[in-house]
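All remarks here apply to the structure that follows.
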Amino acid sequence: MNALTTRRTALKLGLASAAGLAVSGLLRAQTSAPVPGVIPPQLIRLATPLPANEVHVFPDAYRLFWSLPDGQAWIYAIRVGRDGLYEPGEYYVGAKKEWPSWTPTPGMIEREPEKYEKYADGGMPGGPGNPLGARALYLFTPERGDTFLRIHGTDDPASIGRAVSNGCAGLINDQITQLYNQVPMDARVVLHPKRLD
């Protein structure tokens, strides 16, 4: 266990099947802060191990796991997509970018033209204030290619622990930088279904 661990807290997540996947059991995390919210990334031992070297997003708990061998995982606090925009399923990391540029999707422009239409043609260059933050993992599927879903950074810590994005999972910038360095290209990513109302 890592040195940040000061007390034992059971984090119980009901795992469900998504895109033909079935994973069940309880995950126990060593944490030093209540959930949800921003906590430092922590190395935990899983009561039910996940396959190693995969990203698993549990939207109801606002947590992302980067699984390791021997039943361990790094756990990160995240924000997730708003209702109707979160897409559970199985993906892979098809691209990785540092300080990525950002262009809103056609769906984003249609939903909120007053907010996004000004970026439709040229987008926004990478850097502080960019919605994708310091790093981004681009989620692909074999059938669709780039899904326009991202695991990315944010400079808005108040959004962590909330369903506020346009479908993507977000971590604060220093934590996405750590995750980015851990996760290789082609890594499997599972966005588990939402279970709570």
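Residues are referred to by chain and number: the chain letter is A, B, ... according to the order shown in the structure tokens, the number counts from 1 in that chain, and ligands are numbered separately from 1 in the order shown.
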
DSSP strand (DSSP E or B) selection over region 63-190 of chain A, as a ChimeraX atom specification: /A:63-67,72-77,79-81,89-98,102,124,135-141,145-154,163-165,169-172,188-190

Counting only C-alpha atoms, what is within 10 Å of region 131-144 of chain A, bar same-chain residues fewer than 6 positions away, as a tab-separated table (two decimals) with N, CA and C atoms, in the first residue's frame?
chain	number	residue	atom	x	y	z
A	89	GLY	N	-19.35	0.92	-22.31
A	89	GLY	CA	-18.90	-0.01	-23.33
A	89	GLY	C	-17.42	-0.29	-23.21
A	90	GLU	N	-16.91	-0.98	-24.20
A	90	GLU	CA	-15.50	-1.37	-24.25
A	90	GLU	C	-14.81	-0.59	-25.35
A	91	TYR	N	-13.66	-0.01	-25.03
A	91	TYR	CA	-12.91	0.84	-25.94
A	91	TYR	C	-11.43	0.45	-25.86
A	92	TYR	N	-10.62	1.12	-26.68
A	92	TYR	CA	-9.17	1.03	-26.52
A	92	TYR	C	-8.58	2.40	-26.75
A	93	VAL	N	-7.38	2.63	-26.21
A	93	VAL	CA	-6.71	3.91	-26.37
A	93	VAL	C	-6.12	3.95	-27.78
A	94	GLY	N	-6.73	4.76	-28.63
A	94	GLY	CA	-6.31	4.86	-30.03
A	94	GLY	C	-5.38	6.01	-30.31
A	95	ALA	N	-5.27	6.96	-29.38
A	95	ALA	CA	-4.36	8.09	-29.51
A	95	ALA	C	-4.14	8.68	-28.12
A	96	LYS	N	-2.99	9.32	-27.95
A	96	LYS	CA	-2.63	10.02	-26.72
A	96	LYS	C	-2.04	11.36	-27.12
A	97	LYS	N	-2.48	12.43	-26.44
A	97	LYS	CA	-1.95	13.74	-26.80
A	97	LYS	C	-1.69	14.57	-25.55
A	98	GLU	N	-0.56	15.31	-25.60
A	98	GLU	CA	-0.21	16.25	-24.55
A	98	GLU	C	-0.70	17.63	-24.96
A	99	TRP	N	-1.33	18.33	-24.04
A	99	TRP	CA	-1.94	19.64	-24.29
A	99	TRP	C	-2.67	19.63	-25.63
A	100	PRO	N	-3.67	18.75	-25.77
A	100	PRO	CA	-4.35	18.60	-27.05
A	100	PRO	C	-5.19	19.82	-27.42
A	101	SER	N	-5.32	20.05	-28.72
A	101	SER	CA	-6.28	21.05	-29.18
A	101	SER	C	-7.67	20.45	-29.04
A	102	TRP	N	-8.68	21.28	-29.12
A	102	TRP	CA	-10.05	20.82	-28.90
A	102	TRP	C	-11.00	21.50	-29.87
A	103	THR	N	-11.87	20.69	-30.46
A	103	THR	CA	-12.95	21.19	-31.31
A	103	THR	C	-14.23	20.51	-30.84
A	104	PRO	N	-15.31	21.26	-30.60
A	104	PRO	CA	-16.54	20.62	-30.14
A	104	PRO	C	-17.11	19.70	-31.22
A	124	MET	N	-9.96	25.14	-30.49
A	124	MET	CA	-9.19	25.87	-29.49
A	124	MET	C	-7.83	25.19	-29.36
A	150	ARG	N	-13.23	10.90	-24.57
A	150	ARG	CA	-11.87	11.10	-24.07
A	150	ARG	C	-11.82	10.86	-22.57
A	151	ILE	N	-10.64	10.46	-22.10
A	151	ILE	CA	-10.28	10.57	-20.70
A	151	ILE	C	-9.25	11.69	-20.69
A	152	HIS	N	-9.58	12.78	-20.03
A	152	HIS	CA	-8.77	13.99	-20.21
A	152	HIS	C	-8.65	14.78	-18.92
A	153	GLY	N	-7.87	15.84	-19.00
A	153	GLY	CA	-7.65	16.69	-17.85
A	153	GLY	C	-8.67	17.80	-17.74
A	154	THR	N	-8.68	18.45	-16.59
A	154	THR	CA	-9.48	19.64	-16.36
A	154	THR	C	-8.79	20.52	-15.34
A	155	ASP	N	-8.98	21.83	-15.49
A	155	ASP	CA	-8.46	22.74	-14.48
A	155	ASP	C	-9.58	23.20	-13.55
A	156	ASP	N	-10.67	22.43	-13.51
A	156	ASP	CA	-11.83	22.74	-12.67
A	156	ASP	C	-12.04	21.65	-11.63
A	165	SER	N	-19.96	16.46	-17.79
A	165	SER	CA	-19.27	16.61	-19.07
A	165	SER	C	-20.16	16.15	-20.23
A	168	CYS	N	-17.37	12.54	-21.57
A	168	CYS	CA	-16.01	12.10	-21.29
A	168	CYS	C	-15.78	11.96	-19.78
A	169	ALA	N	-14.69	11.28	-19.44
A	169	ALA	CA	-14.25	11.19	-18.05
A	169	ALA	C	-13.11	12.18	-17.86
A	170	GLY	N	-13.15	12.96	-16.78
A	170	GLY	CA	-12.13	13.97	-16.55
A	170	GLY	C	-11.46	13.83	-15.20
A	171	LEU	N	-10.18	14.11	-15.16
A	171	LEU	CA	-9.36	14.12	-13.95
A	171	LEU	C	-8.71	15.48	-13.87
A	172	ILE	N	-8.34	15.92	-12.65
A	172	ILE	CA	-7.60	17.17	-12.57
A	172	ILE	C	-6.26	17.00	-13.29
A	173	ASN	N	-5.71	18.12	-13.76
A	173	ASN	CA	-4.57	18.06	-14.68
A	173	ASN	C	-3.36	17.29	-14.15
A	174	ASP	N	-3.00	17.46	-12.89
A	174	ASP	CA	-1.81	16.73	-12.43
A	174	ASP	C	-2.07	15.23	-12.38
A	175	GLN	N	-3.33	14.82	-12.15
A	175	GLN	CA	-3.64	13.40	-12.09
A	175	GLN	C	-3.75	12.78	-13.49
A	176	ILE	N	-4.29	13.51	-14.47
A	176	ILE	CA	-4.32	12.95	-15.82
A	176	ILE	C	-2.90	12.80	-16.35
A	177	THR	N	-2.00	13.67	-15.93
A	177	THR	CA	-0.60	13.54	-16.36
A	177	THR	C	0.00	12.24	-15.83
A	178	GLN	N	-0.29	11.90	-14.56
A	178	GLN	CA	0.20	10.63	-14.01
A	178	GLN	C	-0.42	9.45	-14.75
A	179	LEU	N	-1.75	9.48	-14.94
A	179	LEU	CA	-2.43	8.39	-15.63
A	179	LEU	C	-1.91	8.24	-17.06
A	180	TYR	N	-1.74	9.34	-17.75
A	180	TYR	CA	-1.24	9.36	-19.13
A	180	TYR	C	0.10	8.62	-19.23
A	181	ASN	N	0.96	8.85	-18.25
A	181	ASN	CA	2.28	8.19	-18.25
A	181	ASN	C	2.19	6.71	-17.95
A	183	VAL	N	-0.63	4.63	-18.83
A	183	VAL	CA	-1.47	3.89	-19.77
A	183	VAL	C	-0.86	3.91	-21.17
A	184	PRO	N	-0.58	2.74	-21.75
A	184	PRO	CA	0.01	2.70	-23.09
A	184	PRO	C	-1.06	2.76	-24.19
A	185	MET	N	-0.61	3.01	-25.38
A	185	MET	CA	-1.48	2.91	-26.55
A	185	MET	C	-2.09	1.51	-26.61
A	186	ASP	N	-3.29	1.44	-27.11
A	186	ASP	CA	-4.04	0.19	-27.31
A	186	ASP	C	-4.53	-0.46	-26.01
A	187	ALA	N	-4.33	0.20	-24.88
A	187	ALA	CA	-4.84	-0.36	-23.62
A	187	ALA	C	-6.37	-0.46	-23.69
A	188	ARG	N	-6.91	-1.50	-23.09
A	188	ARG	CA	-8.37	-1.68	-23.03
A	188	ARG	C	-8.95	-0.73	-21.99
A	189	VAL	N	-10.09	-0.14	-22.34
A	189	VAL	CA	-10.80	0.79	-21.46
A	189	VAL	C	-12.24	0.31	-21.36

Using only C-alpha atoms, determine which residues lie at most 8 Å from Lys194 (chain A), disregarding the query and same-chain residues fewer than 3 positions distant; provide the list as a PyMOL selection string. chain A and resi 58-60+88

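Closest approach to Gly161 (chain A) from the set A:Ala120, A:Ile39, A:Ile44, A:Ile75 is made by A:Ile39, with distances taken over only C-alpha atoms.
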
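Across the structure, CA of Ile160 (chain A) and CA of Pro40 (chain A) are spaced 12.2 Å apart.
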
Once DSSP has gone over the backbone, tell me which residues of region 17-177 of chain A are in helix (DSSP H, G or I), as a PyMOL selection string. chain A and resi 69-71+106-111+113-119+157-159+173-177

Store the residues picked out above, limited to C-alpha atoms, as an mmCIF file, in the first residue's frame.
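Wrote selection-v1.cif, looks like this:
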data_model
loop_
_atom_site.group_PDB
_atom_site.id
_atom_site.type_symbol
_atom_site.label_atom_id
_atom_site.label_comp_id
_atom_site.auth_asym_id
_atom_site.auth_seq_id
_atom_site.Cartn_x
_atom_site.Cartn_y
_atom_site.Cartn_z
ATOM 1 C CA PRO A 69 -0.835 -7.276 -11.762
ATOM 2 C CA ASP A 70 -1.306 -9.008 -8.407
ATOM 3 C CA GLY A 71 -4.789 -7.580 -7.805
ATOM 4 C CA PRO A 106 -21.432 18.442 -33.963
ATOM 5 C CA GLY A 107 -23.655 17.104 -31.152
ATOM 6 C CA MET A 108 -22.202 19.595 -28.673
ATOM 7 C CA ILE A 109 -22.752 22.470 -31.110
ATOM 8 C CA GLU A 110 -26.331 21.345 -31.722
ATOM 9 C CA ARG A 111 -27.105 21.052 -27.990
ATOM 10 C CA PRO A 113 -24.743 26.527 -29.992
ATOM 11 C CA GLU A 114 -24.329 29.670 -27.882
ATOM 12 C CA LYS A 115 -21.456 28.027 -26.037
ATOM 13 C CA TYR A 116 -19.709 25.978 -28.736
ATOM 14 C CA GLU A 117 -20.470 27.371 -32.217
ATOM 15 C CA LYS A 118 -17.608 29.882 -32.048
ATOM 16 C CA TYR A 119 -15.134 26.961 -31.914
ATOM 17 C CA PRO A 157 -11.446 20.657 -9.485
ATOM 18 C CA ALA A 158 -15.020 21.520 -8.460
ATOM 19 C CA SER A 159 -16.307 19.350 -11.339
ATOM 20 C CA ASN A 173 -4.572 18.062 -14.675
ATOM 21 C CA ASP A 174 -1.812 16.730 -12.435
ATOM 22 C CA GLN A 175 -3.643 13.399 -12.093
ATOM 23 C CA ILE A 176 -4.320 12.951 -15.824
ATOM 24 C CA THR A 177 -0.601 13.541 -16.364
#

For Arg63 (chain A), which residue out of A:Pro128, A:Pro51, A:Pro41, A:Gly145 is the nearest one, using only C-alpha atoms? A:Pro41
